[in-house]
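Trainee: Shown below is the structure under consideration.
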Amino acid sequence: MLTPRERRLGVAGGAIALAAVLAFMMLALLALLAFPSAPPGGTIVTAYTWQILQFTLLQAALSTALSVLLAVPVALALARRPNFPLRTWILRLMVLPMGLPVLVVALGLIAVWGRQGVANSLLMILGMDQPISIYGLGGILLAHVFFNLPLACRLAVAALDRLPGEYWKLAGSLGMGPLSVLRFLEWPAIARVLPGISSLVFMLCATSFTIVLVLGGGPAATTLEVAIYQSLRFDFDPPRAIALSLLQVAVTASVLCLLGLIGSTDPTGSSSSAPSRRYDGTSLAARLWDALVVLLSVFFLLLPLAAIVIEGLQADLGRLLTSDAFIEAATSSAIIAVASAVLALSASTLLIRGRLAAIDSRRPGVAAVAYRQLLGASSLLVLLVPPVVLGTGWFLLLRPLGEVARFAPILIVAINALMALPFVMRVLEPTWEAHHARTTRLVASLGLRGFRKFWYVDRPILVKPAALALSFAMALSLGDLGAIALFGSNDLVTLPWLLYSRLSSYRTADADGLALILGMICLALTVTGTFHQTDRSRRAAD
Amino acid sequence: MYKSYLFLPFVFSFAFTHVAAAQDKSLTIYTYESFTAEWGPGPKVKEEFEKTCDCMVNFVSVADGVALLSRLKLEGEATDADLALGLDTNIAAEAKATGLFEEHRVDIAAVEVPGAYRDDVFVPYDYGHFALVYDTEVLSAPPSSMKELVEGDPAQKIVIQDPRTSTPGLGFLLWVKSVYGDQAPEAWRKLRQRILTVTPGWSEAYGLLTKGEVPMVLSYTTSPAYHMVAEGTERYQAASFAEGHYIQIELVGLLKTSDSKELARQFLQFVTTPAFQNVIPTNNWMMPAAAMSEPLPEAFSRLVKPQKTFLMDPQHVADNRHAWIDEWLAAMSGQ
């Protein structure tokens, strides 16, 4: 139980964050709507629009199903082996794909799975003459699994690691077999976080742009996002862009509602997320299975990354690292990444506290539950409004205030923070809820509040998920190109922008080198975010 | 959210670091990013022009020519731009329709571009022909005509750009339209078998060529010059097509709302002089639109020289672009 004051503050804080998020989006849309422009040419929703809408949903559903289904066994295996060799590094590796510009990853995947890739070369040696083709739906799914399997796996491992150590002791002393452990312990823990993970992955796939175009093989494979981009950038037809954006939000949100993926989670369990010692899975078969599953997924992740590293090492890294352009871009990227991650974390904090405060009574009313759902959904739906729409809208809003380039850094930070919000929520909320459920009464009875409560009660538990959330958010911002594209001016260059600009003037070797450096920076950030995990897991393994 | 305020000072401070030193006269030129990159023509052009005027040139760069037009449409008459450099013939009519530009009124007798493009509003500053660039280590006999490309071996793949998101993509669409006219949809249906994938922009497609994934991509006749001059390799060459090649002419225009029109016109005139044109070939990797005072680098003499140039009237492109893209979509995604 919170005190009435704490509850009021929590609800109000959530409302402020919600209002800020919604206002940021609505103002952009309104500014675009108010822009004097000719009425949209022709009908907005044509037969072709329906065709790409169907394709968008189909590929997003398949991508989500595959990513999540494949992530579960990997997560189970990793959670069962707290002392798996290099476990911490495998988990860190899983944050990496997000921090790389999509095009870099696409080229890495092509180096492995493309026509001239490693996989096809091996198949040819084995005597097969029909190489596998990455272009088409298959390639889109492959790439989406590459991006989202690690994400889903990372979140699922966190959920499993949250289970209290006593569970495993009890399961061990009861002599529970692998199936019983799965049924009574592991599956309930994973099932609680699956809707949240799936909805996040679904939205990321539904709004996928570069991957779908590069690997799709032609305009039959197109997402609605491409149509929105085209209508705003090439045709400059704001009403059409808004209509398509709203269509995207409405259709995707209703699909998610139908699937029940936007729902409340009801987490239980310990809030200490250090992996506990496990007593199960000691049989040889179980060991082999876990090793196989983890190794396969690591190979799947590492091969394209290795291709990026190999190409990157051929660049003149010394010259790149010392060039003024690089240092300037790296500084801008770092400031933007840190600022947007902190902003996303702060907004998530308010939203989560609001969600907790809303139902903090024995029988929360309908309004309280609805408010809670709204806070959760709003953080998710931001992914559906394309950055190009937000950017253009805000450009119009800020234009009367003077040189827009001056506001560009702030806008990019805001847009990146919005994009990171759903990730941060998914990392932070389950732990926080469990922690809240366990400690609120005790804290209330001890009369702890304010900074002392934060420092002695919340900090020790929340610092780890917060660090993971920050590293997700920073990676996302580091790899993002979308938000900067419209404002880009000589004054503000980020690393992905620099990479693209090298690429667009034939300097592929430089671009390869920058991709490697960007990956390294991203890994370094993840390592700092999860530094203390090494000794925690080692201790758990003792 | 209050925590984030701590970072605002940092964010602000680096936004201001590049504010130019005040000068008596200044000229603001909106352009695209690769023009102003450290290796692009921008820095040298600025230096050369500032020698001739007591002024300061400020570049503001966006992603590409299309983004440049969007930015001008967004800003309307409130724009700070004196000049917009980097539009091209395919979007010239739409740029004119904004009513933001005014006649250049400079002497462009020195300008010489294939297809005899002349305009009262825009001054051409360089050009390039679209061409399929191929990897000589993989392809020994590239197609020698559009017809051979369309009807050739479907196992020999090419990559093109999407006309909905990229200017070369749109250029290729117009090229096919120029060659095939009403038969374009059938041509696309045949060509579709050869198209490995359609990328959102030029960079993605060209990356697929240099990574060895595909032996042939849509680019420019001038692309091999970069590899020959900067990398010393003749590996990548452009295929010469018997029917002719579609041209992209890059343009610079004067904004009606400019407050230093005299200086801007001085720059427009400067564009047609050797001081500007000398910089173009080896910095923008395009062909000069007027005489240079130095000879073209030797590699440029080995480039494909199209016998015939296709160029559609910009107004005709603006009127039909949507219909043609829909036609392309139907041919490329239908059964």
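Just remember, in the structure tokens the first chain shown is A, the second B, etc., residues are 1-based per chain, and ligands are 1-based in the order shown.
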Near A:Gly139, counting only C-alpha atoms, which residues have an atom at most 7 Å away, once you skip same-chain residues fewer than 4 positions from it, shown as a PyMOL selection string?
Mentor: chain A and resi 134-135+143+215-216
Trainee: Each residue of chain A with at least one atom at most 6 Å from chain B should appear once, together with its nearest atom pair and the corresponding distance in Å (one decimal); atoms considered: only C-alpha atoms; ordering: chain, then increasing residue number; output as a tab-separated table.
Mentor:
residue	atom	partner	partner_atom	distance
A:Gln116	CA	B:Glu213	CA	5.6
A:Leu213	CA	B:Thr199	CA	5.5
A:Val214	CA	B:Thr199	CA	4.8
A:Gly217	CA	B:Thr197	CA	3.8
A:Gly218	CA	B:Val198	CA	5.1
A:Pro219	CA	B:Ser333	CA	5.8
A:Ala220	CA	B:Ser333	CA	4.4
A:Gln230	CA	B:Arg164	CA	5.9
A:Leu343	CA	B:Ser4	CA	5.3
A:Ser346	CA	B:Met1	CA	4.6
A:Ala347	CA	B:Met1	CA	5.4
A:Arg406	CA	B:Ala15	CA	5.5
A:Gly488	CA	B:Val62	CA	5.6
A:Ser489	CA	B:Ser61	CA	4.9
A:Asp491	CA	B:His18	CA	5.9
A:Leu503	CA	B:Ser203	CA	5.9
A:Ser504	CA	B:Ser203	CA	5.1
Trainee: Env of stretch 25-30 of chain A: 12 Å cut, atoms = only C-alpha atoms, seq-sep filter 3 positions within chain, self excluded. Answer as an mmCIF file with N, CA, C and O atoms, in the first residue's frame.
Mentor:
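out_16.cif, freshly written:
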data_model
loop_
_atom_site.group_PDB
_atom_site.id
_atom_site.type_symbol
_atom_site.label_atom_id
_atom_site.label_comp_id
_atom_site.auth_asym_id
_atom_site.auth_seq_id
_atom_site.Cartn_x
_atom_site.Cartn_y
_atom_site.Cartn_z
ATOM 1 N N LEU A 18 2.444 10.674 -19.727
ATOM 2 C CA LEU A 18 1.515 10.314 -20.796
ATOM 3 C C LEU A 18 1.181 11.536 -21.641
ATOM 4 O O LEU A 18 1.207 11.497 -22.881
ATOM 5 N N ALA A 19 0.885 12.651 -20.942
ATOM 6 C CA ALA A 19 0.525 13.871 -21.665
ATOM 7 C C ALA A 19 1.693 14.334 -22.533
ATOM 8 O O ALA A 19 1.504 14.742 -23.686
ATOM 9 N N ALA A 20 2.912 14.237 -21.999
ATOM 10 C CA ALA A 20 4.078 14.680 -22.767
ATOM 11 C C ALA A 20 4.242 13.831 -24.023
ATOM 12 O O ALA A 20 4.463 14.345 -25.119
ATOM 13 N N VAL A 21 4.116 12.507 -23.855
ATOM 14 C CA VAL A 21 4.287 11.606 -25.003
ATOM 15 C C VAL A 21 3.214 11.880 -26.057
ATOM 16 O O VAL A 21 3.510 12.043 -27.247
ATOM 17 N N LEU A 22 1.963 11.946 -25.595
ATOM 18 C CA LEU A 22 0.871 12.161 -26.550
ATOM 19 C C LEU A 22 0.983 13.534 -27.201
ATOM 20 O O LEU A 22 0.786 13.681 -28.408
ATOM 21 N N LEU A 33 -1.063 18.601 -40.366
ATOM 22 C CA LEU A 33 -2.430 18.761 -40.875
ATOM 23 C C LEU A 33 -2.710 20.206 -41.225
ATOM 24 O O LEU A 33 -3.406 20.508 -42.201
ATOM 25 N N ALA A 34 -2.177 21.103 -40.405
ATOM 26 C CA ALA A 34 -2.458 22.524 -40.611
ATOM 27 C C ALA A 34 -1.656 23.104 -41.766
ATOM 28 O O ALA A 34 -1.905 24.219 -42.202
ATOM 29 N N PHE A 35 -0.662 22.332 -42.237
ATOM 30 C CA PHE A 35 0.178 22.860 -43.301
ATOM 31 C C PHE A 35 -0.640 23.038 -44.570
ATOM 32 O O PHE A 35 -1.314 22.111 -45.011
ATOM 33 N N PRO A 36 -0.625 24.268 -45.139
ATOM 34 C CA PRO A 36 -1.440 24.478 -46.327
ATOM 35 C C PRO A 36 -0.917 23.629 -47.482
ATOM 36 O O PRO A 36 0.233 23.754 -47.882
ATOM 37 N N PRO A 238 1.391 15.896 -47.078
ATOM 38 C CA PRO A 238 1.170 15.634 -45.649
ATOM 39 C C PRO A 238 -0.164 14.961 -45.316
ATOM 40 O O PRO A 238 -0.177 14.029 -44.502
ATOM 41 N N PRO A 239 -1.302 15.388 -45.932
ATOM 42 C CA PRO A 239 -2.555 14.721 -45.548
ATOM 43 C C PRO A 239 -2.499 13.211 -45.795
ATOM 44 O O PRO A 239 -2.980 12.415 -44.983
ATOM 45 N N ARG A 240 -1.887 12.845 -46.918
ATOM 46 C CA ARG A 240 -1.788 11.432 -47.246
ATOM 47 C C ARG A 240 -0.891 10.690 -46.242
ATOM 48 O O ARG A 240 -1.220 9.597 -45.780
ATOM 49 N N ALA A 241 0.234 11.349 -45.896
ATOM 50 C CA ALA A 241 1.156 10.730 -44.938
ATOM 51 C C ALA A 241 0.454 10.502 -43.605
ATOM 52 O O ALA A 241 0.618 9.459 -42.961
ATOM 53 N N ILE A 242 -0.356 11.487 -43.186
ATOM 54 C CA ILE A 242 -1.046 11.351 -41.903
ATOM 55 C C ILE A 242 -2.100 10.256 -41.976
ATOM 56 O O ILE A 242 -2.227 9.425 -41.084
ATOM 57 N N ALA A 243 -2.857 10.247 -43.092
ATOM 58 C CA ALA A 243 -3.889 9.221 -43.245
ATOM 59 C C ALA A 243 -3.257 7.830 -43.176
ATOM 60 O O ALA A 243 -3.761 6.936 -42.483
ATOM 61 N N LEU A 244 -2.137 7.665 -43.872
ATOM 62 C CA LEU A 244 -1.480 6.356 -43.872
ATOM 63 C C LEU A 244 -0.921 6.013 -42.488
ATOM 64 O O LEU A 244 -0.994 4.869 -42.048
ATOM 65 N N SER A 245 -0.370 7.040 -41.801
ATOM 66 C CA SER A 245 0.149 6.788 -40.448
ATOM 67 C C SER A 245 -0.971 6.338 -39.515
ATOM 68 O O SER A 245 -0.800 5.403 -38.727
ATOM 69 N N LEU A 246 -2.118 7.033 -39.617
ATOM 70 C CA LEU A 246 -3.228 6.672 -38.740
ATOM 71 C C LEU A 246 -3.731 5.269 -39.071
ATOM 72 O O LEU A 246 -4.079 4.490 -38.183
ATOM 73 N N SER A 378 0.266 3.516 -24.515
ATOM 74 C CA SER A 378 0.803 4.719 -25.148
ATOM 75 C C SER A 378 2.301 4.566 -25.401
ATOM 76 O O SER A 378 2.815 4.981 -26.430
ATOM 77 N N SER A 379 2.967 3.904 -24.460
ATOM 78 C CA SER A 379 4.410 3.768 -24.615
ATOM 79 C C SER A 379 4.731 2.857 -25.786
ATOM 80 O O SER A 379 5.828 2.857 -26.311
ATOM 81 N N LEU A 381 2.565 2.436 -28.626
ATOM 82 C CA LEU A 381 2.060 2.901 -29.916
ATOM 83 C C LEU A 381 2.960 3.950 -30.555
ATOM 84 O O LEU A 381 2.870 4.200 -31.753
ATOM 85 N N VAL A 382 3.852 4.534 -29.741
ATOM 86 C CA VAL A 382 4.738 5.540 -30.329
ATOM 87 C C VAL A 382 5.575 4.952 -31.447
ATOM 88 O O VAL A 382 5.972 5.646 -32.374
ATOM 89 N N LEU A 383 5.818 3.644 -31.367
ATOM 90 C CA LEU A 383 6.629 3.011 -32.412
ATOM 91 C C LEU A 383 5.958 3.049 -33.769
ATOM 92 O O LEU A 383 6.592 2.880 -34.791
ATOM 93 N N LEU A 384 4.643 3.244 -33.758
ATOM 94 C CA LEU A 384 3.897 3.147 -35.016
ATOM 95 C C LEU A 384 3.838 4.454 -35.783
ATOM 96 O O LEU A 384 3.440 4.489 -36.933
ATOM 97 N N VAL A 385 4.196 5.542 -35.130
ATOM 98 C CA VAL A 385 4.219 6.813 -35.854
ATOM 99 C C VAL A 385 5.638 6.994 -36.404
ATOM 100 O O VAL A 385 6.577 7.107 -35.645
ATOM 101 N N PRO A 386 5.782 6.985 -37.717
ATOM 102 C CA PRO A 386 7.128 6.999 -38.286
ATOM 103 C C PRO A 386 7.902 8.257 -37.886
ATOM 104 O O PRO A 386 7.329 9.350 -37.837
ATOM 105 N N PRO A 387 9.196 8.105 -37.599
ATOM 106 C CA PRO A 387 10.027 9.255 -37.232
ATOM 107 C C PRO A 387 9.965 10.369 -38.272
ATOM 108 O O PRO A 387 10.009 11.544 -37.916
ATOM 109 N N VAL A 388 9.816 10.014 -39.560
ATOM 110 C CA VAL A 388 9.795 11.057 -40.586
ATOM 111 C C VAL A 388 8.566 11.954 -40.405
ATOM 112 O O VAL A 388 8.616 13.162 -40.627
ATOM 113 N N VAL A 389 7.462 11.378 -39.913
ATOM 114 C CA VAL A 389 6.259 12.179 -39.664
ATOM 115 C C VAL A 389 6.475 13.091 -38.460
ATOM 116 O O VAL A 389 6.185 14.296 -38.512
ATOM 117 N N LEU A 390 7.016 12.510 -37.367
ATOM 118 C CA LEU A 390 7.291 13.320 -36.174
ATOM 119 C C LEU A 390 8.262 14.446 -36.511
ATOM 120 O O LEU A 390 8.053 15.605 -36.138
ATOM 121 N N GLY A 391 9.328 14.081 -37.240
ATOM 122 C CA GLY A 391 10.353 15.063 -37.565
ATOM 123 C C GLY A 391 9.802 16.199 -38.401
ATOM 124 O O GLY A 391 10.032 17.376 -38.111
ATOM 125 N N THR A 392 9.019 15.862 -39.426
ATOM 126 C CA THR A 392 8.480 16.896 -40.298
ATOM 127 C C THR A 392 7.513 17.803 -39.539
ATOM 128 O O THR A 392 7.538 19.027 -39.680
ATOM 129 N N GLY A 393 6.674 17.190 -38.724
ATOM 130 C CA GLY A 393 5.723 17.978 -37.945
ATOM 131 C C GLY A 393 6.429 18.960 -37.029
ATOM 132 O O GLY A 393 6.082 20.144 -36.967
ATOM 133 N N TRP A 394 7.442 18.478 -36.334
ATOM 134 C CA TRP A 394 8.152 19.357 -35.412
ATOM 135 C C TRP A 394 8.974 20.403 -36.130
ATOM 136 O O TRP A 394 9.167 21.505 -35.639
ATOM 137 N N PHE A 395 9.431 20.061 -37.305
ATOM 138 C CA PHE A 395 10.134 21.055 -38.113
ATOM 139 C C PHE A 395 9.205 22.247 -38.356
ATOM 140 O O PHE A 395 9.585 23.407 -38.183
ATOM 141 N N LEU A 396 7.951 21.932 -38.722
ATOM 142 C CA LEU A 396 6.974 22.999 -38.984
ATOM 143 C C LEU A 396 6.675 23.805 -37.728
ATOM 144 O O LEU A 396 6.536 25.027 -37.775
ATOM 145 N N LEU A 397 6.591 23.096 -36.588
ATOM 146 C CA LEU A 397 6.255 23.782 -35.340
ATOM 147 C C LEU A 397 7.360 24.748 -34.906
ATOM 148 O O LEU A 397 7.094 25.825 -34.390
ATOM 149 N N LEU A 398 8.615 24.317 -35.108
ATOM 150 C CA LEU A 398 9.730 25.102 -34.582
ATOM 151 C C LEU A 398 10.191 26.176 -35.545
ATOM 152 O O LEU A 398 10.889 27.105 -35.174
ATOM 153 N N LEU A 411 15.347 17.701 -30.657
ATOM 154 C CA LEU A 411 14.304 16.901 -31.300
ATOM 155 C C LEU A 411 14.760 15.468 -31.507
ATOM 156 O O LEU A 411 13.989 14.524 -31.305
ATOM 157 N N ALA A 414 14.548 13.694 -28.333
ATOM 158 C CA ALA A 414 13.170 13.391 -27.968
ATOM 159 C C ALA A 414 12.635 12.216 -28.789
ATOM 160 O O ALA A 414 11.994 11.306 -28.254
ATOM 161 N N ILE A 415 12.903 12.232 -30.089
ATOM 162 C CA ILE A 415 12.385 11.161 -30.947
ATOM 163 C C ILE A 415 13.051 9.831 -30.588
ATOM 164 O O ILE A 415 12.384 8.795 -30.473
ATOM 165 N N LEU A 418 11.567 8.535 -27.385
ATOM 166 C CA LEU A 418 10.246 7.940 -27.614
ATOM 167 C C LEU A 418 10.375 6.533 -28.166
ATOM 168 O O LEU A 418 9.675 5.613 -27.746
ATOM 169 N N MET A 419 11.288 6.368 -29.137
ATOM 170 C CA MET A 419 11.461 5.055 -29.747
ATOM 171 C C MET A 419 11.947 4.037 -28.728
ATOM 172 O O MET A 419 11.633 2.859 -28.805
#
Trainee: Find the spatial neighbours of stretch 251-265 of chain B, counting only C-alpha atoms, within a cut-off of 7 Å - ignore same-chain residues fewer than 4 positions away - and output them as a VMD selection string.
Mentor: chain B and resid 27 77 81 to 88 100 to 102 104 106 121 to 125 269
Trainee: Can you tell me, as a list in words, which residues in stretch 90-139 of chain B count as alpha helix (DSSP H) by DSSP?
Mentor: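 Of stretch 90-139 of chain B, only Asn90, Ile91, Ala92, Ala93, Glu94, Ala95, Lys96 and Ala97 of chain B fall in alpha helix (DSSP H).
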Trainee: When you draw a straight line from atom CA of A:Ser333 to atom CA of A:Cys153, how long is it in Å?
Mentor: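 Separation of atom CA of A:Ser333 and atom CA of A:Cys153: 27.1 Å.
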Trainee: Can you pull out the residues contacting A:Pro97? Cut-off 10 Å, using only C-alpha atoms, and skip same-chain residues under 2 positions away; I want them as a list of chain:residue names.
Mentor: A:Leu93, A:Met94, A:Val95, A:Gly99, A:Leu100, A:Pro101, A:Val102, A:Val104, A:Val105, A:Phe146, A:Phe147, A:Asn148, A:Pro150, A:Leu151, A:Leu301, A:Pro304, A:Leu305, A:Ala475, A:Leu476, A:Gly479, A:Gly519, A:Cys522, A:Leu523
Trainee: As an MDAnalysis selection string, please: the residues near A:Thr440 (cut-off 9 Å, only C-alpha atoms, same-chain neighbours under 4 positions excluded).
Mentor: chainID A and resid 1:2 435:436 444:445
